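S.K.: This is the structure I have questions about; it appears just below.
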Amino acid sequence: MGSPPLLAKIRKTFPKDAHHSEPVIEILEHWRDYFPGAKQCPPFVALDLWPMRKAMLRVSDPRLSQQFTTVKAVTRGQTSRQFMTPVSLGLDLLSTDLPTHRVWRSRFAPGFLPRNLLTHMPALLEEIGIFTAKVERQTGKPGWGKVFQLEDWATSLTFDVIARVAVDVKLGEQLVDGPGPFRDALQTQILEMRPRTPWNRLRSCSPILIYRAWRNHNTMSELLMPKVQARIAAMGSKGTTYDDKTVIDLVFKRYQENCERKGEPLKPDKAFVDTIISNLKVFIFAGHDTTSSTICFSLYQLSKHPEFLAKVREEHDAVFGADPLAAPALLLEHPHKINETPYTLAVIKETLRMYPLAGTFREGSDETVLHAEEGGAPVSTAGFDLIDGVWELHYRPDLWPRPYDFLPQRWLVGEEDPLFPVPYSWRAFEHGPMNCIGKDLALLEIRLVLVHVARRYDFETAWEEWDKIQGYTEANIDRLRGDLRTRK
Ligand code: HEM
């Protein structure tokens, strides 16, 4: 069921900037009205979106999600490639076919392993130190400081962190006012990521957009390429040592070992280099606003729950000592100490349950069938994109008792406790061979940010002050509130 007119009707009951999952959550929350006669909420909803985009099967059952993400590797297909092309030119992990994905995933994955990430502690502390210094300048002494947009600074931080870890480039996004050249180029290209409709196809032929894309890709490549070329130049020359740290160090190390084993010359071709550059852009694309939003949502939830903030602070006192300013030096010497903060991790995981930010999709086909019930008839997925409806799944009361309550203790209780998470129902980073490659980096970065700021500052949302700074008038604000009131 589901069609553009129905979705448009439901959508009208939400504020204009509501998340695109809201209409589907609405259908699932009121499933008795939408599926009269059904005995239980359906495990998936078919959405016929013609002519806007391909039809979707939106799944809200972890058993079914596992069938197309983990039990069987399924390509993301055309829809993903078309969507990614403005940013990656279609050579990245999210765009490629399954065999190519397998090869490149195994090349990039070692750089994102937790033990390798800990070797980046000096770079991480340096970048998070810059972030914290910016926050420090806003604080009031004593009392509340100036209102500022945390998300913007957190986003710049994520650009700088990913570039350090992936390729050891200092982008310096945190050091400029407003977006620097890389962020500006990437974010301009992100605006061109659209579903493939006849109108968008026409739009993509515009000479102005083609020129702009060419310029943006040049800007990004110019910042990343020198390090990649330096790696290539160093490869094979006598005495070359890899410091085995950045994601691309490890890609080239593996490449060199492979060539040596096969007795092939060390000569990465253009396609090899282009694929690396394309993926570097996608690491930053996929890892920036996901991580920065989670930083903000974590702090937001802690600001709303002083009892949980107190526990976080207690944990940091116990692990890093009573002086918050001493924590970075301790971490520099003992990076693994960050792993001694399970409560902080529980806060982040619960934040990602309530704000999952990203989901996934795969291309349906006759070969990919779903079994809604054990032993039941298989449902063909041909003609559909399979969407993992992670938002609705993370709020299912039968999987998550008290789904609208922020409860970090879910992540610390034993199996016998009703709050213990049902396996595979937490899908913030997805599961299976195409799950998020950057998940450990994201979790490490957010944990470190919390260690830097949770004890030193109090945070509070300041919507009204922010609206005033943005120049919203009373009339604007009233209209927004009016929109909210029309919601059922
Ligand atoms: C809180 C932060 C993050 C969240 C919530 C998140 C979430 C996700 C999700 C849901 C997927 C889809 C997985 C699938 O299709 O099965 C994904 C894929 C991916 N993410 Fe993340 N991500 C985060 C941070 C990062 C970071 C920091 C990076 C890189 C540095 C990154 C790079 C990627 C890449 C490259 C993929 C595609 C993986 C593949 O196809 O092999 N993500 N992420």
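All residue names refer to the structure tokens as shown: chains lettered A, B, ... in order, residues numbered from 1 in each chain, ligands numbered from 1 in order.
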Please return as a short mmCIF file (atom, residue, chain, number, x, y, z; two decimals) with C-alpha atoms, in the first residue's frame: the residues of range 86-242 of chain A that backbone DSSP assigns to alpha helix (DSSP H).
M.R.:
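Generated output (part36.cif):
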data_model
loop_
_atom_site.label_atom_id
_atom_site.label_comp_id
_atom_site.auth_asym_id
_atom_site.auth_seq_id
_atom_site.Cartn_x
_atom_site.Cartn_y
_atom_site.Cartn_z
CA PRO A 86 27.56 13.73 -7.67
CA VAL A 87 29.90 13.13 -4.72
CA SER A 88 31.92 10.07 -5.66
CA LEU A 98 29.22 -6.87 -5.03
CA PRO A 99 32.56 -8.35 -6.28
CA THR A 100 34.22 -4.92 -6.43
CA HIS A 101 32.76 -4.04 -3.05
CA ARG A 102 34.26 -7.17 -1.50
CA VAL A 103 37.76 -6.35 -2.82
CA TRP A 104 37.78 -2.70 -1.78
CA ARG A 105 36.05 -3.24 1.54
CA SER A 106 38.82 -5.68 2.51
CA ARG A 107 41.43 -3.10 1.47
CA PHE A 108 39.93 -0.24 3.48
CA PRO A 114 39.63 -0.30 16.67
CA ARG A 115 43.25 -1.15 17.47
CA ASN A 116 44.49 0.86 14.49
CA LEU A 117 42.23 3.77 15.37
CA LEU A 118 43.80 4.01 18.82
CA MET A 121 45.04 9.21 19.46
CA PRO A 122 47.51 12.15 19.10
CA ALA A 123 45.74 13.43 15.96
CA LEU A 124 42.30 12.88 17.47
CA LEU A 125 43.24 14.73 20.65
CA GLU A 126 44.72 17.58 18.64
CA GLU A 127 41.53 18.03 16.58
CA ILE A 128 39.17 17.58 19.56
CA GLY A 129 41.41 20.01 21.48
CA ILE A 130 40.67 22.66 18.83
CA PHE A 131 36.94 21.93 19.11
CA THR A 132 37.03 22.20 22.90
CA ALA A 133 38.99 25.46 22.76
CA LYS A 134 36.27 26.94 20.53
CA VAL A 135 33.56 25.83 22.99
CA GLU A 136 35.63 27.22 25.87
CA ARG A 137 35.65 30.67 24.23
CA GLN A 138 31.83 30.74 24.27
CA LEU A 150 27.23 23.32 18.21
CA GLU A 151 26.39 21.27 15.13
CA ASP A 152 28.38 23.49 12.81
CA TRP A 153 31.54 23.17 14.88
CA ALA A 154 31.00 19.46 15.42
CA THR A 155 30.66 19.06 11.65
CA SER A 156 33.96 20.84 10.99
CA LEU A 157 35.54 18.60 13.62
CA THR A 158 34.34 15.47 11.82
CA PHE A 159 35.81 16.66 8.50
CA ASP A 160 39.18 17.24 10.15
CA VAL A 161 39.14 13.94 12.05
CA ILE A 162 38.23 11.74 9.08
CA ALA A 163 40.85 13.39 6.86
CA ARG A 164 43.54 12.81 9.51
CA VAL A 165 42.62 9.17 10.05
CA ALA A 166 42.03 8.28 6.41
CA VAL A 167 44.88 10.09 4.69
CA PRO A 181 37.26 24.81 0.52
CA PHE A 182 36.81 21.05 1.04
CA ARG A 183 33.62 21.31 3.06
CA ASP A 184 32.19 23.87 0.67
CA ALA A 185 32.94 21.71 -2.39
CA LEU A 186 31.58 18.53 -0.80
CA GLN A 187 28.45 20.16 0.58
CA THR A 188 27.70 21.79 -2.77
CA GLN A 189 27.91 18.37 -4.44
CA ILE A 190 25.73 16.83 -1.71
CA PRO A 198 12.96 12.99 -15.50
CA TRP A 199 13.34 16.52 -14.12
CA ASN A 200 16.55 15.68 -12.25
CA ARG A 201 17.97 13.92 -15.32
CA LEU A 202 17.42 17.11 -17.33
CA ARG A 203 18.92 19.18 -14.53
CA PRO A 207 26.45 23.10 -18.32
CA ILE A 208 26.62 25.27 -15.19
CA LEU A 209 26.16 22.24 -12.94
CA ILE A 210 28.64 20.18 -14.95
CA TYR A 211 31.22 22.94 -14.63
CA ARG A 212 30.50 23.34 -10.90
CA ALA A 213 30.87 19.60 -10.32
CA TRP A 214 34.19 19.58 -12.22
CA ARG A 215 35.47 22.48 -10.11
CA ASN A 216 34.32 20.91 -6.83
CA HIS A 217 35.90 17.56 -7.62
CA ASN A 218 39.14 19.32 -8.52
CA THR A 219 39.10 21.21 -5.23
CA MET A 220 38.60 18.03 -3.21
CA SER A 221 41.12 16.00 -5.22
CA GLU A 222 43.78 18.72 -4.95
CA LEU A 223 43.58 18.51 -1.16
CA LEU A 224 43.70 14.71 -1.01
CA MET A 225 45.88 13.78 -3.99
CA PRO A 226 49.32 14.96 -2.75
CA LYS A 227 49.30 12.44 0.12
CA VAL A 228 48.11 9.67 -2.18
CA GLN A 229 50.82 10.52 -4.70
CA ALA A 230 53.44 10.65 -1.96
CA ARG A 231 52.44 7.12 -0.97
CA ILE A 232 52.73 5.96 -4.56
CA ALA A 233 56.14 7.63 -4.98
CA ALA A 234 57.42 6.07 -1.77
#
S.K.: Enumerate residues in contact with ligand 1: an atom-to-atom distance of at most 8 Å, counting only C-alpha atoms and all ligand atoms. Format the result as a PyMOL selection string.
M.R.: chain A and resi 69+76+92-95+101+105+112+158+162+166+279+282-294+352+356-362+427-443
S.K.: Go ahead and save the picked residues with C-alpha atoms, as a short mmCIF file (atom, residue, chain, number, x, y, z; two decimals), in the first residue's frame.
M.R.:
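What landed in selection38.cif:
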data_model
loop_
_atom_site.label_atom_id
_atom_site.label_comp_id
_atom_site.auth_asym_id
_atom_site.auth_seq_id
_atom_site.Cartn_x
_atom_site.Cartn_y
_atom_site.Cartn_z
CA THR A 69 21.69 -7.33 4.77
CA ARG A 76 22.65 -1.48 -3.34
CA ASP A 92 32.92 4.15 -4.04
CA LEU A 93 31.80 1.34 -1.72
CA LEU A 94 28.21 2.56 -1.74
CA SER A 95 28.05 2.52 -5.55
CA HIS A 101 32.76 -4.04 -3.05
CA ARG A 105 36.05 -3.24 1.54
CA PHE A 112 39.14 1.36 10.54
CA THR A 158 34.34 15.47 11.82
CA ILE A 162 38.23 11.74 9.08
CA ALA A 166 42.03 8.28 6.41
CA ASN A 279 36.22 6.57 -1.41
CA VAL A 282 32.72 9.18 0.60
CA PHE A 283 34.28 8.50 4.00
CA ILE A 284 33.94 12.21 4.71
CA PHE A 285 30.47 12.36 3.14
CA ALA A 286 29.16 9.34 5.10
CA GLY A 287 30.95 10.16 8.33
CA HIS A 288 30.48 13.90 8.84
CA ASP A 289 26.89 14.81 9.65
CA THR A 290 26.13 11.37 11.10
CA THR A 291 28.87 11.77 13.68
CA SER A 292 28.32 15.47 14.34
CA SER A 293 24.56 15.03 14.83
CA THR A 294 25.21 12.20 17.28
CA LEU A 352 21.71 6.41 18.20
CA PRO A 356 19.39 6.61 14.08
CA LEU A 357 20.24 9.16 11.33
CA ALA A 358 21.03 6.67 8.57
CA GLY A 359 19.51 3.45 7.38
CA THR A 360 20.25 1.36 4.39
CA PHE A 361 18.78 -0.02 1.27
CA ARG A 362 19.37 -2.82 -1.22
CA ARG A 427 20.60 -1.07 13.46
CA ALA A 428 22.24 2.36 13.74
CA PHE A 429 25.29 1.13 11.82
CA GLU A 430 23.49 -1.81 10.21
CA HIS A 431 24.75 -5.38 10.15
CA GLY A 432 26.45 -7.65 7.67
CA PRO A 433 29.28 -7.32 5.16
CA MET A 434 28.22 -3.84 3.99
CA ASN A 435 27.62 -2.35 7.42
CA CYS A 436 29.16 1.00 8.40
CA ILE A 437 32.92 0.79 7.92
CA GLY A 438 33.45 3.91 10.06
CA LYS A 439 31.42 2.86 13.10
CA ASP A 440 34.36 2.41 15.46
CA LEU A 441 35.83 5.73 14.39
CA ALA A 442 32.50 7.47 15.02
CA LEU A 443 32.08 5.87 18.45
#
S.K.: Within range 330-372 of chain A, find each residue whose DSSP state, derived from the backbone, is strand (DSSP E or B), and express the selection as JSON, numbers by chain.
M.R.: {"A": [361, 362, 363, 365, 368, 369, 370]}
S.K.: May I have the residues from that selection written out with C-alpha atoms, as a compact mmCIF listing (two decimals), in the first residue's frame?
M.R.:
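Heads up, here's the output in result01.txt:
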# COMPACT_ATOMS: atom_id res chain seq x y z
CA PHE A 361 18.78 -0.02 1.27
CA ARG A 362 19.37 -2.82 -1.22
CA GLU A 363 18.12 -3.52 -4.72
CA SER A 365 15.17 -8.83 -7.35
CA THR A 368 16.14 -11.83 -3.11
CA VAL A 369 13.04 -13.05 -1.35
CA LEU A 370 11.73 -12.24 2.12
S.K.: Using only C-alpha atoms, which of the listed residues (A:Phe320, A:Phe44, A:Tyr355, A:Tyr255) sits closest to Ile295 in chain A?
M.R.: A:Tyr355
S.K.: Can you list, as JSON, numbers by chain, every protein, DNA or RNA residue that comes within 10 Å of range 339-347 of chain A when you count only C-alpha atoms, leaving out same-chain residues fewer than 6 positions away?
M.R.: {"A": [298, 299, 301, 302, 308, 309, 311, 312, 313, 314, 315, 316, 318, 319, 320, 353, 406, 407, 408, 409, 410, 411, 412, 443, 444, 446, 447, 448, 450, 451, 454]}
S.K.: Tell me, as a PDB file with N, CA and C atoms, in the first residue's frame, which residues lie within 8 Å of Val59 in chain A, counting only C-alpha atoms; anything in the same chain fewer than 5 positions away does not count.
M.R.:
ATOM      1  N   PRO A  43       5.071  -6.446   8.798  1.00  0.00           N
ATOM      2  CA  PRO A  43       6.524  -6.336   8.946  1.00  0.00           C
ATOM      3  C   PRO A  43       7.166  -5.483   7.857  1.00  0.00           C
ATOM      4  N   PHE A  44       6.424  -5.224   6.774  1.00  0.00           N
ATOM      5  CA  PHE A  44       6.932  -4.273   5.773  1.00  0.00           C
ATOM      6  C   PHE A  44       5.772  -3.563   5.095  1.00  0.00           C
ATOM      7  N   VAL A  45       6.097  -2.387   4.564  1.00  0.00           N
ATOM      8  CA  VAL A  45       5.093  -1.592   3.866  1.00  0.00           C
ATOM      9  C   VAL A  45       5.608  -1.352   2.461  1.00  0.00           C
ATOM     10  N   LEU A  64      13.542  -9.662   9.128  1.00  0.00           N
ATOM     11  CA  LEU A  64      13.506  -9.434   7.683  1.00  0.00           C
ATOM     12  C   LEU A  64      14.708  -8.601   7.230  1.00  0.00           C
ATOM     13  N   SER A  65      15.089  -7.611   8.040  1.00  0.00           N
ATOM     14  CA  SER A  65      16.254  -6.779   7.672  1.00  0.00           C
ATOM     15  C   SER A  65      17.489  -7.659   7.546  1.00  0.00           C
ATOM     16  N   LEU A 386      14.756  -2.125  -1.316  1.00  0.00           N
ATOM     17  CA  LEU A 386      14.450  -2.593   0.042  1.00  0.00           C
ATOM     18  C   LEU A 386      15.028  -1.608   1.041  1.00  0.00           C
ATOM     19  N   ILE A 387      14.177  -0.992   1.798  1.00  0.00           N
ATOM     20  CA  ILE A 387      14.643   0.025   2.750  1.00  0.00           C
ATOM     21  C   ILE A 387      14.557  -0.547   4.154  1.00  0.00           C
ATOM     22  N   ASP A 388      15.616  -0.396   4.914  1.00  0.00           N
ATOM     23  CA  ASP A 388      15.548  -0.801   6.309  1.00  0.00           C
ATOM     24  C   ASP A 388      14.948   0.371   7.096  1.00  0.00           C
ATOM     25  N   GLY A 389      13.742   0.184   7.574  1.00  0.00           N
ATOM     26  CA  GLY A 389      13.035   1.284   8.256  1.00  0.00           C
ATOM     27  C   GLY A 389      13.508   1.414   9.687  1.00  0.00           C
TER      28      GLY A 389
END
S.K.: Restricting the calculation to only C-alpha atoms: of A:Arg456, A:Arg261, A:His120, A:His20, which residue gets closest to Lys245 in chain A?
M.R.: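 Of A:Arg456, A:Arg261, A:His120, A:His20, the one nearest Lys245 in chain A, counting only C-alpha atoms, is A:His120.
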